[in-house]
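Visitor: Supplied structure: query_1.pdb, PDB, C-alpha atoms.
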```pdb
ATOM      1  CA  MET Y   1     -25.202  55.695   8.101
ATOM      2  CA  ALA Y   2     -28.172  53.615   9.198
ATOM      3  CA  LEU Y   3     -31.409  55.254  10.304
ATOM      4  CA  VAL Y   4     -33.643  53.817  13.032
ATOM      5  CA  VAL Y   5     -37.345  54.640  12.752
ATOM      6  CA  HIS Y   6     -39.818  54.101  15.572
ATOM      7  CA  PRO Y   7     -43.352  54.323  14.118
ATOM      8  CA  HIS Y   8     -45.968  55.427  16.609
ATOM      9  CA  PHE Y   9     -49.439  54.907  15.182
ATOM     10  CA  HIS Y  10     -51.349  55.171  18.415
ATOM     11  CA  ARG Y  11     -53.755  57.651  19.961
ATOM     12  CA  ARG Y  12     -52.037  59.820  22.528
ATOM     13  CA  LYS Y  13     -53.622  60.217  25.935
ATOM     14  CA  THR Y  14     -53.900  63.884  26.808
ATOM     15  CA  GLY Y  15     -50.683  65.220  28.280
ATOM     16  CA  VAL Y  16     -49.072  61.793  28.636
ATOM     17  CA  THR Y  17     -45.582  61.135  27.304
ATOM     18  CA  THR Y  18     -45.178  57.642  25.902
ATOM     19  CA  HIS Y  19     -42.180  55.512  26.685
ATOM     20  CA  VAL Y  20     -40.916  55.549  23.102
ATOM     21  CA  GLU Y  21     -40.766  59.353  23.270
ATOM     22  CA  THR Y  22     -38.418  59.035  26.234
ATOM     23  CA  VAL Y  23     -36.061  56.504  24.665
ATOM     24  CA  VAL Y  24     -35.731  57.792  21.089
ATOM     25  CA  PRO Y  25     -33.881  61.043  21.953
ATOM     26  CA  VAL Y  26     -31.422  59.039  24.074
ATOM     27  CA  LEU Y  27     -30.942  56.498  21.277
ATOM     28  CA  ASN Y  28     -29.674  59.312  19.070
ATOM     29  CA  ALA Y  29     -26.435  59.222  21.028
ATOM     30  CA  GLU Y  30     -25.885  55.700  19.611
ATOM     31  CA  LEU Y  31     -27.505  55.782  16.153
ATOM     32  CA  PRO Y  32     -29.594  58.308  14.201
ATOM     33  CA  CYS Y  33     -33.126  57.595  15.415
ATOM     34  CA  LYS Y  34     -36.432  59.281  14.576
ATOM     35  CA  LEU Y  35     -40.115  59.006  15.372
ATOM     36  CA  LEU Y  36     -42.748  58.592  12.678
ATOM     37  CA  SER Y  37     -46.274  59.441  13.774
ATOM     38  CA  ARG Y  38     -49.765  59.169  12.402
ATOM     39  CA  GLY Y  39     -52.679  60.992  13.945
ATOM     40  CA  TYR Y  40     -51.017  63.503  16.248
ATOM     41  CA  ARG Y  41     -47.970  65.703  16.704
ATOM     42  CA  PHE Y  42     -44.969  64.934  18.829
ATOM     43  CA  ASP Y  43     -43.249  67.589  20.895
ATOM     44  CA  GLU Y  44     -41.312  69.867  18.535
ATOM     45  CA  ALA Y  45     -38.065  69.071  20.355
ATOM     46  CA  LEU Y  46     -38.278  65.370  19.453
ATOM     47  CA  PRO Y  47     -36.503  63.999  16.354
ATOM     48  CA  THR Y  48     -39.167  63.092  13.802
ATOM     49  CA  ILE Y  49     -39.402  62.037  10.162
ATOM     50  CA  GLY Y  50     -42.270  62.362   7.698
ATOM     51  CA  GLU Y  51     -43.462  59.538   5.483
ATOM     52  CA  ALA Y  52     -42.246  61.267   2.304
ATOM     53  CA  GLU Y  53     -38.773  61.759   3.795
ATOM     54  CA  LEU Y  54     -38.711  58.130   4.929
ATOM     55  CA  ARG Y  55     -39.508  56.859   1.431
ATOM     56  CA  GLN Y  56     -36.827  59.122  -0.011
ATOM     57  CA  THR Y  57     -34.323  57.650   2.467
ATOM     58  CA  LEU Y  58     -35.374  54.108   1.553
ATOM     59  CA  ARG Y  59     -35.058  54.844  -2.169
ATOM     60  CA  ALA Y  60     -31.525  56.088  -1.565
ATOM     61  CA  GLY Y  61     -30.662  52.538  -0.516
ATOM     62  CA  GLY Y  62     -29.188  53.126   2.921
ATOM     63  CA  PRO Y  63     -30.061  50.702   5.717
ATOM     64  CA  VAL Y  64     -33.183  51.557   7.709
ATOM     65  CA  ILE Y  65     -34.324  49.776  10.856
ATOM     66  CA  TRP Y  66     -38.071  49.843  11.430
ATOM     67  CA  HIS Y  67     -38.813  49.178  15.107
ATOM     68  CA  ALA Y  68     -42.512  48.400  15.519
ATOM     69  CA  HIS Y  69     -44.308  48.181  18.866
ATOM     70  CA  ARG Y  70     -47.799  47.221  17.674
ATOM     71  CA  ASN Y  71     -49.249  44.863  15.096
ATOM     72  CA  HIS Y  72     -50.406  47.554  12.670
ATOM     73  CA  GLU Y  73     -46.983  49.214  12.803
ATOM     74  CA  MET Y  74     -45.374  45.863  11.997
ATOM     75  CA  LEU Y  75     -47.747  45.345   9.070
ATOM     76  CA  THR Y  76     -46.669  48.700   7.656
ATOM     77  CA  GLY Y  77     -43.017  47.662   8.022
ATOM     78  CA  ILE Y  78     -43.616  44.374   6.177
ATOM     79  CA  SER Y  79     -45.381  46.279   3.398
ATOM     80  CA  LEU Y  80     -42.420  48.663   3.078
ATOM     81  CA  ARG Y  81     -39.934  45.775   2.939
ATOM     82  CA  MET Y  82     -41.748  44.290  -0.053
ATOM     83  CA  ARG Y  83     -40.661  47.400  -1.960
ATOM     84  CA  TYR Y  84     -37.469  48.343  -0.151
ATOM     85  CA  PRO Y  85     -35.291  45.321   0.754
ATOM     86  CA  ASN Y  86     -32.870  47.597   2.641
ATOM     87  CA  ILE Y  87     -35.288  47.806   5.579
ATOM     88  CA  ARG Y  88     -34.754  45.661   8.700
ATOM     89  CA  LEU Y  89     -37.671  44.846  10.986
ATOM     90  CA  VAL Y  90     -37.584  44.821  14.789
ATOM     91  CA  PHE Y  91     -40.727  43.991  16.760
ATOM     92  CA  THR Y  92     -41.279  44.597  20.478
ATOM     93  CA  ARG Y  93     -44.026  42.667  22.220
ATOM     94  CA  HIS Y  94     -45.002  44.563  25.350
ATOM     95  CA  THR Y  95     -47.366  42.102  27.030
ATOM     96  CA  SER Y  96     -46.619  38.701  28.527
ATOM     97  CA  SER Y  97     -49.874  36.968  27.564
ATOM     98  CA  ARG Y  98     -49.868  34.295  24.881
ATOM     99  CA  PRO Y  99     -49.870  36.075  21.505
ATOM    100  CA  SER Y 100     -52.653  35.513  19.017
ATOM    101  CA  LEU Y 101     -51.961  33.701  15.751
ATOM    102  CA  PRO Y 102     -51.762  36.975  13.750
ATOM    103  CA  THR Y 103     -49.230  38.361  16.240
ATOM    104  CA  ARG Y 104     -47.131  35.180  16.082
ATOM    105  CA  LEU Y 105     -47.091  35.406  12.273
ATOM    106  CA  LEU Y 106     -45.933  39.016  12.458
ATOM    107  CA  MET Y 107     -43.221  38.160  14.989
ATOM    108  CA  ALA Y 108     -41.949  35.459  12.632
ATOM    109  CA  LYS Y 109     -41.382  38.116   9.957
ATOM    110  CA  ALA Y 110     -39.155  40.228  12.213
ATOM    111  CA  ASP Y 111     -35.378  40.237  11.839
ATOM    112  CA  ALA Y 112     -35.157  40.681  15.609
ATOM    113  CA  CYS Y 113     -37.720  40.307  18.382
ATOM    114  CA  VAL Y 114     -37.656  42.178  21.704
ATOM    115  CA  VAL Y 115     -39.604  41.164  24.817
ATOM    116  CA  LEU Y 116     -39.810  42.644  28.299
ATOM    117  CA  ASN Y 117     -39.494  39.571  30.517
ATOM    118  CA  ARG Y 118     -38.420  35.931  30.686
ATOM    119  CA  GLU Y 119     -41.975  34.629  30.540
ATOM    120  CA  SER Y 120     -42.414  36.107  27.066
ATOM    121  CA  LEU Y 121     -39.449  34.154  25.695
ATOM    122  CA  GLU Y 122     -41.697  31.081  25.739
ATOM    123  CA  TYR Y 123     -43.788  32.653  22.983
ATOM    124  CA  ALA Y 124     -41.206  34.763  21.181
ATOM    125  CA  GLY Y 125     -38.537  32.095  20.697
ATOM    126  CA  SER Y 126     -35.018  31.622  21.969
ATOM    127  CA  ASP Y 127     -33.618  34.226  19.562
ATOM    128  CA  ALA Y 128     -35.663  37.018  21.133
ATOM    129  CA  LYS Y 129     -33.855  39.494  23.347
ATOM    130  CA  ILE Y 130     -35.033  40.781  26.711
ATOM    131  CA  VAL Y 131     -34.738  44.554  26.981
ATOM    132  CA  TYR Y 132     -35.918  46.045  30.259
ATOM    133  CA  HIS Y 133     -37.428  49.503  30.251
ATOM    134  CA  GLY Y 134     -35.464  52.470  31.525
ATOM    135  CA  VAL Y 135     -36.729  55.822  32.771
ATOM    136  CA  ASP Y 136     -35.770  59.461  32.500
ATOM    137  CA  THR Y 137     -34.128  60.068  35.862
ATOM    138  CA  GLU Y 138     -34.148  63.833  35.341
ATOM    139  CA  ARG Y 139     -37.926  63.814  35.141
ATOM    140  CA  PHE Y 140     -38.357  61.080  37.755
ATOM    141  CA  ASN Y 141     -35.876  62.026  40.440
ATOM    142  CA  TYR Y 142     -35.701  61.458  44.170
ATOM    143  CA  CYS Y 143     -38.059  63.835  45.952
ATOM    144  CA  ARG Y 144     -40.393  63.505  48.945
ATOM    145  CA  ASP Y 145     -43.113  66.151  48.901
ATOM    146  CA  ASN Y 146     -46.718  65.167  49.571
ATOM    147  CA  SER Y 147     -48.224  68.662  49.333
ATOM    148  CA  ARG Y 148     -49.408  68.126  45.745
ATOM    149  CA  VAL Y 149     -51.064  64.817  46.547
ATOM    150  CA  LEU Y 150     -52.631  66.028  49.790
ATOM    151  CA  ASP Y 151     -54.032  69.145  48.134
ATOM    152  CA  GLY Y 152     -55.490  67.076  45.336
ATOM    153  CA  ALA Y 153     -57.043  64.486  47.630
ATOM    154  CA  GLY Y 154     -58.103  66.907  50.325
ATOM    155  CA  LYS Y 155     -57.142  64.862  53.366
ATOM    156  CA  SER Y 156     -55.005  65.451  56.408
ATOM    157  CA  ASN Y 157     -51.274  64.951  56.437
ATOM    158  CA  SER Y 158     -50.696  61.188  56.498
ATOM    159  CA  PRO Y 159     -48.825  58.533  54.515
ATOM    160  CA  VAL Y 160     -50.300  58.093  51.051
ATOM    161  CA  ILE Y 161     -50.626  54.701  49.411
ATOM    162  CA  GLY Y 162     -50.947  54.932  45.658
ATOM    163  CA  ILE Y 163     -51.504  52.821  42.607
ATOM    164  CA  VAL Y 164     -50.692  54.284  39.204
ATOM    165  CA  GLY Y 165     -52.042  52.973  35.920
ATOM    166  CA  ARG Y 166     -55.276  51.966  34.245
ATOM    167  CA  VAL Y 167     -58.031  51.408  36.797
ATOM    168  CA  ARG Y 168     -59.264  47.915  35.948
ATOM    169  CA  PRO Y 169     -59.565  44.579  37.764
ATOM    170  CA  GLU Y 170     -56.439  42.895  36.382
ATOM    171  CA  LYS Y 171     -54.304  45.685  37.862
ATOM    172  CA  GLY Y 172     -55.202  44.493  41.360
ATOM    173  CA  HIS Y 173     -56.857  47.598  42.799
ATOM    174  CA  GLU Y 174     -59.213  45.432  44.847
ATOM    175  CA  VAL Y 175     -56.236  43.520  46.259
ATOM    176  CA  LEU Y 176     -54.833  46.803  47.524
ATOM    177  CA  VAL Y 177     -58.148  47.879  49.037
ATOM    178  CA  ASP Y 178     -58.530  44.526  50.830
ATOM    179  CA  ALA Y 179     -54.966  44.846  52.106
ATOM    180  CA  VAL Y 180     -55.380  48.357  53.512
ATOM    181  CA  MET Y 181     -58.823  48.050  55.115
ATOM    182  CA  PRO Y 182     -57.596  46.117  58.204
ATOM    183  CA  LEU Y 183     -55.027  48.865  58.878
ATOM    184  CA  ARG Y 184     -57.548  51.699  59.199
ATOM    185  CA  GLU Y 185     -58.199  51.109  62.894
ATOM    186  CA  ARG Y 186     -54.571  51.877  63.768
ATOM    187  CA  HIS Y 187     -54.179  54.473  61.013
ATOM    188  CA  PRO Y 188     -57.544  56.284  60.705
ATOM    189  CA  ASN Y 189     -56.215  58.954  58.318
ATOM    190  CA  LEU Y 190     -54.871  56.408  55.871
ATOM    191  CA  LYS Y 191     -55.841  56.929  52.259
ATOM    192  CA  VAL Y 192     -55.405  55.170  48.945
ATOM    193  CA  VAL Y 193     -55.073  57.187  45.748
ATOM    194  CA  PHE Y 194     -55.917  55.663  42.346
ATOM    195  CA  VAL Y 195     -54.087  57.589  39.607
ATOM    196  CA  GLY Y 196     -55.136  56.623  36.102
ATOM    197  CA  ALA Y 197     -57.932  56.485  33.587
ATOM    198  CA  CYS Y 198     -60.939  54.234  34.148
ATOM    199  CA  ASP Y 199     -62.828  52.978  31.088
ATOM    200  CA  ARG Y 200     -66.586  53.274  31.132
ATOM    201  CA  LYS Y 201     -67.015  49.501  31.326
ATOM    202  CA  HIS Y 202     -65.112  49.465  34.652
ATOM    203  CA  LYS Y 203     -66.849  52.444  36.307
ATOM    204  CA  ALA Y 204     -69.445  50.281  38.101
ATOM    205  CA  TRP Y 205     -66.655  48.069  39.451
ATOM    206  CA  LEU Y 206     -64.793  51.157  40.709
ATOM    207  CA  ARG Y 207     -67.928  52.422  42.457
ATOM    208  CA  SER Y 208     -68.305  49.045  44.161
ATOM    209  CA  LEU Y 209     -64.779  49.400  45.555
ATOM    210  CA  GLU Y 210     -65.577  52.865  46.874
ATOM    211  CA  LYS Y 211     -68.665  51.482  48.628
ATOM    212  CA  LYS Y 212     -66.650  48.589  50.020
ATOM    213  CA  ALA Y 213     -64.240  50.970  51.745
ATOM    214  CA  PRO Y 214     -66.078  54.276  52.379
ATOM    215  CA  GLY Y 215     -63.763  57.267  52.603
ATOM    216  CA  LEU Y 216     -60.620  55.284  51.841
ATOM    217  CA  ILE Y 217     -60.241  55.694  48.084
ATOM    218  CA  GLU Y 218     -59.542  58.851  46.106
ATOM    219  CA  TRP Y 219     -59.710  58.322  42.343
ATOM    220  CA  VAL Y 220     -58.033  61.315  40.695
ATOM    221  CA  GLY Y 221     -58.113  60.128  37.096
ATOM    222  CA  GLU Y 222     -55.301  60.562  34.614
ATOM    223  CA  GLN Y 223     -52.701  63.154  35.610
ATOM    224  CA  ILE Y 224     -50.478  65.220  33.336
ATOM    225  CA  ASN Y 225     -47.789  65.961  35.942
ATOM    226  CA  ILE Y 226     -47.405  62.385  37.134
ATOM    227  CA  ALA Y 227     -43.949  63.009  38.632
ATOM    228  CA  SER Y 228     -45.395  65.182  41.406
ATOM    229  CA  TRP Y 229     -47.781  62.385  42.355
ATOM    230  CA  TYR Y 230     -44.916  59.935  42.725
ATOM    231  CA  HIS Y 231     -43.173  62.507  44.935
ATOM    232  CA  GLY Y 232     -46.171  62.540  47.270
ATOM    233  CA  ILE Y 233     -46.922  58.819  47.384
ATOM    234  CA  SER Y 234     -45.242  57.059  50.304
ATOM    235  CA  ILE Y 235     -45.995  53.471  49.260
ATOM    236  CA  MET Y 236     -46.684  52.632  45.621
ATOM    237  CA  ALA Y 237     -48.404  49.301  45.056
ATOM    238  CA  LEU Y 238     -48.600  47.299  41.855
ATOM    239  CA  PRO Y 239     -50.704  44.265  42.782
ATOM    240  CA  SER Y 240     -51.228  43.274  39.131
ATOM    241  CA  PHE Y 241     -52.052  39.781  37.975
ATOM    242  CA  ARG Y 242     -50.264  40.280  34.628
ATOM    243  CA  GLU Y 243     -47.680  42.796  33.399
ATOM    244  CA  GLY Y 244     -45.025  43.128  30.747
ATOM    245  CA  PHE Y 245     -42.459  45.227  32.624
ATOM    246  CA  SER Y 246     -44.259  48.227  34.039
ATOM    247  CA  CYS Y 247     -42.565  51.597  33.794
ATOM    248  CA  THR Y 248     -44.633  52.787  36.762
ATOM    249  CA  VAL Y 249     -42.552  50.641  39.110
ATOM    250  CA  LEU Y 250     -39.321  52.167  37.796
ATOM    251  CA  GLU Y 251     -40.706  55.709  37.853
ATOM    252  CA  ALA Y 252     -41.976  55.314  41.412
ATOM    253  CA  MET Y 253     -38.694  53.843  42.643
ATOM    254  CA  ALA Y 254     -36.686  56.602  40.938
ATOM    255  CA  SER Y 255     -38.865  59.124  42.774
ATOM    256  CA  GLY Y 256     -38.235  57.543  46.174
ATOM    257  CA  CYS Y 257     -41.507  55.655  46.673
ATOM    258  CA  VAL Y 258     -41.407  52.352  48.503
ATOM    259  CA  VAL Y 259     -42.884  49.857  46.050
ATOM    260  CA  ALA Y 260     -44.843  46.699  46.864
ATOM    261  CA  VAL Y 261     -45.138  44.652  43.687
ATOM    262  CA  SER Y 262     -46.673  41.330  42.680
ATOM    263  CA  ASP Y 263     -44.025  38.663  42.117
ATOM    264  CA  ILE Y 264     -44.785  38.434  38.395
ATOM    265  CA  SER Y 265     -42.969  39.380  35.211
ATOM    266  CA  ASP Y 266     -39.286  40.111  35.916
ATOM    267  CA  PHE Y 267     -39.778  42.473  38.818
ATOM    268  CA  ASP Y 268     -37.365  40.355  40.831
ATOM    269  CA  GLN Y 269     -34.667  41.797  38.557
ATOM    270  CA  VAL Y 270     -35.254  45.285  39.925
ATOM    271  CA  VAL Y 271     -36.847  44.798  43.363
ATOM    272  CA  ASP Y 272     -34.562  43.371  46.049
ATOM    273  CA  HIS Y 273     -37.136  42.302  48.634
ATOM    274  CA  GLY Y 274     -36.764  44.181  51.896
ATOM    275  CA  ASN Y 275     -33.901  46.342  50.667
ATOM    276  CA  ASN Y 276     -35.212  48.575  47.875
ATOM    277  CA  GLY Y 277     -38.854  47.442  47.792
ATOM    278  CA  PHE Y 278     -41.084  44.448  48.364
ATOM    279  CA  LEU Y 279     -42.469  41.509  46.386
ATOM    280  CA  PHE Y 280     -45.545  39.504  47.321
ATOM    281  CA  GLU Y 281     -47.580  36.714  45.801
ATOM    282  CA  ALA Y 282     -50.029  38.055  43.216
ATOM    283  CA  GLY Y 283     -53.518  38.247  44.707
ATOM    284  CA  ASN Y 284     -52.359  37.684  48.306
ATOM    285  CA  HIS Y 285     -53.828  40.730  50.034
ATOM    286  CA  ARG Y 286     -52.836  39.453  53.488
ATOM    287  CA  ALA Y 287     -49.164  39.480  52.499
ATOM    288  CA  LEU Y 288     -49.593  43.027  51.243
ATOM    289  CA  THR Y 289     -51.273  43.995  54.532
ATOM    290  CA  GLY Y 290     -48.194  42.807  56.393
ATOM    291  CA  ILE Y 291     -45.837  44.791  54.172
ATOM    292  CA  VAL Y 292     -47.834  48.014  54.355
ATOM    293  CA  GLY Y 293     -48.436  47.664  58.100
ATOM    294  CA  GLU Y 294     -44.729  47.262  58.874
ATOM    295  CA  LEU Y 295     -43.855  50.271  56.729
ATOM    296  CA  LEU Y 296     -46.464  52.487  58.367
ATOM    297  CA  ASP Y 297     -45.042  51.558  61.770
ATOM    298  CA  SER Y 298     -41.499  52.391  60.676
ATOM    299  CA  PRO Y 299     -41.147  55.739  58.852
ATOM    300  CA  HIS Y 300     -37.356  55.447  59.112
ATOM    301  CA  SER Y 301     -37.463  52.191  57.116
ATOM    302  CA  MET Y 302     -39.640  53.841  54.486
ATOM    303  CA  SER Y 303     -37.085  56.600  54.046
ATOM    304  CA  ARG Y 304     -34.135  54.188  53.833
ATOM    305  CA  ILE Y 305     -35.829  51.857  51.345
ATOM    306  CA  GLY Y 306     -37.064  54.735  49.192
ATOM    307  CA  LYS Y 307     -33.534  56.112  48.866
ATOM    308  CA  ALA Y 308     -32.177  52.674  48.000
ATOM    309  CA  ALA Y 309     -34.898  52.298  45.351
ATOM    310  CA  SER Y 310     -33.937  55.560  43.687
ATOM    311  CA  GLN Y 311     -30.267  54.569  43.640
ATOM    312  CA  THR Y 312     -31.104  51.216  42.019
ATOM    313  CA  ILE Y 313     -32.872  52.906  39.111
ATOM    314  CA  SER Y 314     -30.068  55.424  38.619
ATOM    315  CA  LYS Y 315     -27.512  52.620  38.424
ATOM    316  CA  LYS Y 316     -29.327  50.031  36.310
ATOM    317  CA  PHE Y 317     -32.632  51.142  34.803
ATOM    318  CA  THR Y 318     -32.195  54.503  33.114
ATOM    319  CA  ALA Y 319     -33.268  55.345  29.562
ATOM    320  CA  GLU Y 320     -29.556  55.338  28.713
ATOM    321  CA  HIS Y 321     -29.245  51.693  29.803
ATOM    322  CA  GLU Y 322     -32.204  50.721  27.621
ATOM    323  CA  ALA Y 323     -30.890  52.705  24.663
ATOM    324  CA  ARG Y 324     -27.487  51.019  24.778
ATOM    325  CA  THR Y 325     -29.107  47.576  24.802
ATOM    326  CA  LEU Y 326     -31.364  48.425  21.862
ATOM    327  CA  ALA Y 327     -28.447  49.941  19.948
ATOM    328  CA  GLY Y 328     -26.558  46.658  20.351
ATOM    329  CA  ILE Y 329     -29.467  44.806  18.713
ATOM    330  CA  TYR Y 330     -29.630  47.314  15.861
ATOM    331  CA  LYS Y 331     -25.883  47.093  15.218
ATOM    332  CA  GLN Y 332     -26.048  43.299  15.010
ATOM    333  CA  LEU Y 333     -28.678  43.601  12.267
ATOM    334  CA  LEU Y 334     -26.419  45.979  10.343
TER     335      LEU Y 334
END
```
What is this file in structure tokens?
Guide:
Amino acid sequence: MALVVHPHFHRRKTGVTTHVETVVPVLNAELPCKLLSRGYRFDEALPTIGEAELRQTLRAGGPVIWHAHRNHEMLTGISLRMRYPNIRLVFTRHTSSRPSLPTRLLMAKADACVVLNRESLEYAGSDAKIVYHGVDTERFNYCRDNSRVLDGAGKSNSPVIGIVGRVRPEKGHEVLVDAVMPLRERHPNLKVVFVGACDRKHKAWLRSLEKKAPGLIEWVGEQINIASWYHGISIMALPSFREGFSCTVLEAMASGCVVAVSDISDFDQVVDHGNNGFLFEAGNHRALTGIVGELLDSPHSMSRIGKAASQTISKKFTAEHEARTLAGIYKQLL
């Protein structure tokens, strides 16, 4: 029986579950699949393998699939294959930017390449497979409860507009601020919540946004219980200028948020404009103003679209859907 190993040689953010930790347990329903870590411990409930056990498995001669997600993980896989020819290499490239020469060389060594959107096929080659992320719909389930968010932000009961992810310019936080500012006259209690870490080099930029829109922004940093924040956010924006295929959009939709997303990556594959969410031209804050303004004026529409969003994720973008697609790639290699 083949074994699939997902190496995870990456520093864990405190309290944050990585996407690979969500998918690997589900993959076990298709093929034996384990996590190999360096530098920290996984949750005890997750299926893991130590390096000594992995080498013993490789020496036994059975097929092993090494699914790398970062360059240094791929380098380790190539090194192992020099000694153990029974290993197969799969490489996932998570970003859509043009890969560097070292990354392209590593991708060329893979037996199979996985990308997250159509744009990335230009760099990965026609043999690469698109595999969209899926989410844990038990953890991210439909729920509307803004008490957690309101308590954390300390404002009166009003619709909450949120943006989840790293706080940095390319994520479009300033686009969201520019979009919401004109709406404050009609909606004086409106607030925008930034959920996510902000690197030191971007702190001055964040402070400039807070000065630009006094009293509008609440930056709450990185949150362990992110699901409760999705439950309290009415409109979740992702005004990014570049993305692979963000899990935050799927998680927010599963939770019943109305999403407003830049028309980049392959978000048109999940967001049906006007029915389960909204797409707008990246960087066009006026278009985002129109979307948010209409939603604020129509709470009934927000409720209907949020429910439709959650249903879309349950039908097409669960961790089980992703696992089945990955398992198909693994089985072809075997």
Visitor: Between Y:Arg70, Y:Arg286, Y:Arg304, Y:His6, which has the minimum distance to Gly274 of chain Y (counting all atoms listed in the file)?
Guide: Y:Arg304
Visitor: The PyMOL selection byres ((chain Y and resi 52-62) around 9) on the file shown: which residues, as a PyMOL selection string?
Guide: chain Y and resi 1-3+5+36+49-51+63-64+80+84-87
Visitor: Would you please work out which residue, of Y:Pro299, Y:Ile224, Y:Gly77, Y:Gly172, is nearest to Ala197 of chain Y when using all atoms listed in the file?
Guide: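 Ranked by minimum distance to Ala197 of chain Y, first place goes to Y:Ile224.
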Visitor: Selected by the PyMOL selection byres ((chain Y and resi 279) around 9) in the shown coordinates: which residues, as number ranges by chain?
Guide: Y: 259-264, 267-268, 271-274, 277-278, 280-282, 288
Visitor: Determine the residue membership of the PyMOL selection byres ((chain Y and resi 306-319) around 6) for the file above and supply it as a list in words.
Guide: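 When the PyMOL selection byres ((chain Y and resi 306-319) around 6) is applied, the selected residues are Val23, Gly134, Val135, Asp136, Met253, Ala254, Gly256, Cys257, Val258, Asn276, Met302, Ser303, Arg304, Ile305, Glu320, His321 and Glu322 of chain Y.
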Visitor: Would you work out the distance separating atom CA of Ser246 of chain Y from atom CA of Thr18 of chain Y, expressed in Å to one decimal?
Guide: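 Computing the Euclidean distance for atom CA of Ser246 of chain Y and atom CA of Thr18 of chain Y yields 12.5 Å.
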Visitor: Restricting the calculation to only C-alpha atoms, which member of Y:Arg98, Y:Cys247, Y:Val292, Y:Asp145 is positioned closest to Ala124 of chain Y?
Guide: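 For Ala124 of chain Y, the nearest of the given residues is Y:Arg98.
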Visitor: As an exercise, work out the distance from atom CA of Cys198 of chain Y to atom CA of Asn71 of chain Y in Å and give it to one decimal place.
Guide: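 That distance, rounded to one decimal, is 24.2 Å.
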Visitor: Name the residues in contact with Ser126 of chain Y at a cut-off of 12 Å, using all atoms listed in the file, excluding same-chain residues fewer than 4 positions from it; report them as a list of chain:residue names.
Guide: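 With the cut-off at 12 Å, the set is Y:Ala112, Y:Cys113, Y:Val114, Y:Val115, Y:Arg118, Y:Glu119, Y:Ser120, Y:Leu121, Y:Glu122, Y:Ile130.
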Visitor: Between Y:Cys33, Y:Val180, Y:Leu209, Y:Val149, which residue has the minimum interatomic distance to Trp229 of chain Y, considering only C-alpha atoms?
Guide: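 Selected residue with least distance to Trp229 of chain Y: Y:Val149.
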Visitor: Have a look at atom CA of Ser265 of chain Y and atom CA of Gly162 of chain Y and let me know their distance in Å, one decimal.
Guide: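 Interatomic distance here is 20.4 Å.
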Visitor: For segment 286-299 of chain Y, I'd like the enclosing box, axis-aligned and padded by 5 Å on every side, reported as lines of an AutoDock Vina configuration file with centre and edge lengths in Å to one decimal.
Guide:
```
center_x = -47.0
center_y = 47.6
center_z = 56.5
size_x = 21.7
size_y = 26.3
size_z = 20.5
```
Visitor: Hey, which of Y:Glu170, Y:Glu251, Y:Asp178, Y:Glu44 ends up closest to Gly290 of chain Y? Count all atoms listed in the file.
Guide: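 Nearest to Gly290 of chain Y: Y:Asp178.
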Visitor: Pick out the residues sitting within 12 Å of Trp205 of chain Y, and hand them over as a list in words; count all atoms listed in the file, and ignore anything fewer than 6 positions along from it in its own chain.
Guide: Val167, Arg168, Pro169, Glu170, His173, Glu174, Cys198, Asp199, Lys211 and Lys212 of chain Y
Visitor: Kindly provide, as a ChimeraX atom specification, the polymer residues lying within 10 Å of (-57.9, 54.4, 50.4), counting all atoms listed in the file and using the coordinates exactly as they appear in the file.
Guide: /Y:160-162,176-178,180-181,184,189-194,209-210,213-219
Visitor: I'd like to know which of Y:Asn146, Y:His187, Y:Trp66, Y:Asn141 is closest to Asp111 of chain Y, using only C-alpha atoms.
Guide: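 Smallest distance to Asp111 of chain Y is found for Y:Trp66.
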Visitor: Take segment 32-38 of chain Y, model N, CA, C and O atoms, and hand the result over as an mmCIF file, in the coordinates of the input.
Guide:
```
data_model
loop_
_atom_site.group_PDB
_atom_site.id
_atom_site.type_symbol
_atom_site.label_atom_id
_atom_site.label_comp_id
_atom_site.auth_asym_id
_atom_site.auth_seq_id
_atom_site.Cartn_x
_atom_site.Cartn_y
_atom_site.Cartn_z
ATOM 1 N N PRO Y 32 -28.531 57.383 14.576
ATOM 2 C CA PRO Y 32 -29.594 58.308 14.201
ATOM 3 C C PRO Y 32 -30.960 57.629 14.334
ATOM 4 O O PRO Y 32 -31.186 56.558 13.781
ATOM 5 N N CYS Y 33 -31.858 58.228 15.074
ATOM 6 C CA CYS Y 33 -33.126 57.595 15.415
ATOM 7 C C CYS Y 33 -34.232 58.645 15.381
ATOM 8 O O CYS Y 33 -34.070 59.739 15.925
ATOM 9 N N LYS Y 34 -35.336 58.320 14.699
ATOM 10 C CA LYS Y 34 -36.432 59.281 14.576
ATOM 11 C C LYS Y 34 -37.783 58.620 14.794
ATOM 12 O O LYS Y 34 -37.934 57.414 14.615
ATOM 13 N N LEU Y 35 -38.739 59.442 15.166
ATOM 14 C CA LEU Y 35 -40.115 59.006 15.372
ATOM 15 C C LEU Y 35 -40.944 59.313 14.125
ATOM 16 O O LEU Y 35 -40.789 60.370 13.505
ATOM 17 N N LEU Y 36 -41.810 58.379 13.775
ATOM 18 C CA LEU Y 36 -42.748 58.592 12.678
ATOM 19 C C LEU Y 36 -44.152 58.442 13.244
ATOM 20 O O LEU Y 36 -44.501 57.392 13.789
ATOM 21 N N SER Y 37 -44.951 59.486 13.147
ATOM 22 C CA SER Y 37 -46.274 59.441 13.774
ATOM 23 C C SER Y 37 -47.376 59.466 12.727
ATOM 24 O O SER Y 37 -47.190 59.894 11.594
ATOM 25 N N ARG Y 38 -48.529 59.007 13.156
ATOM 26 C CA ARG Y 38 -49.765 59.169 12.402
ATOM 27 C C ARG Y 38 -50.856 59.553 13.393
ATOM 28 O O ARG Y 38 -51.049 58.889 14.395
#
```
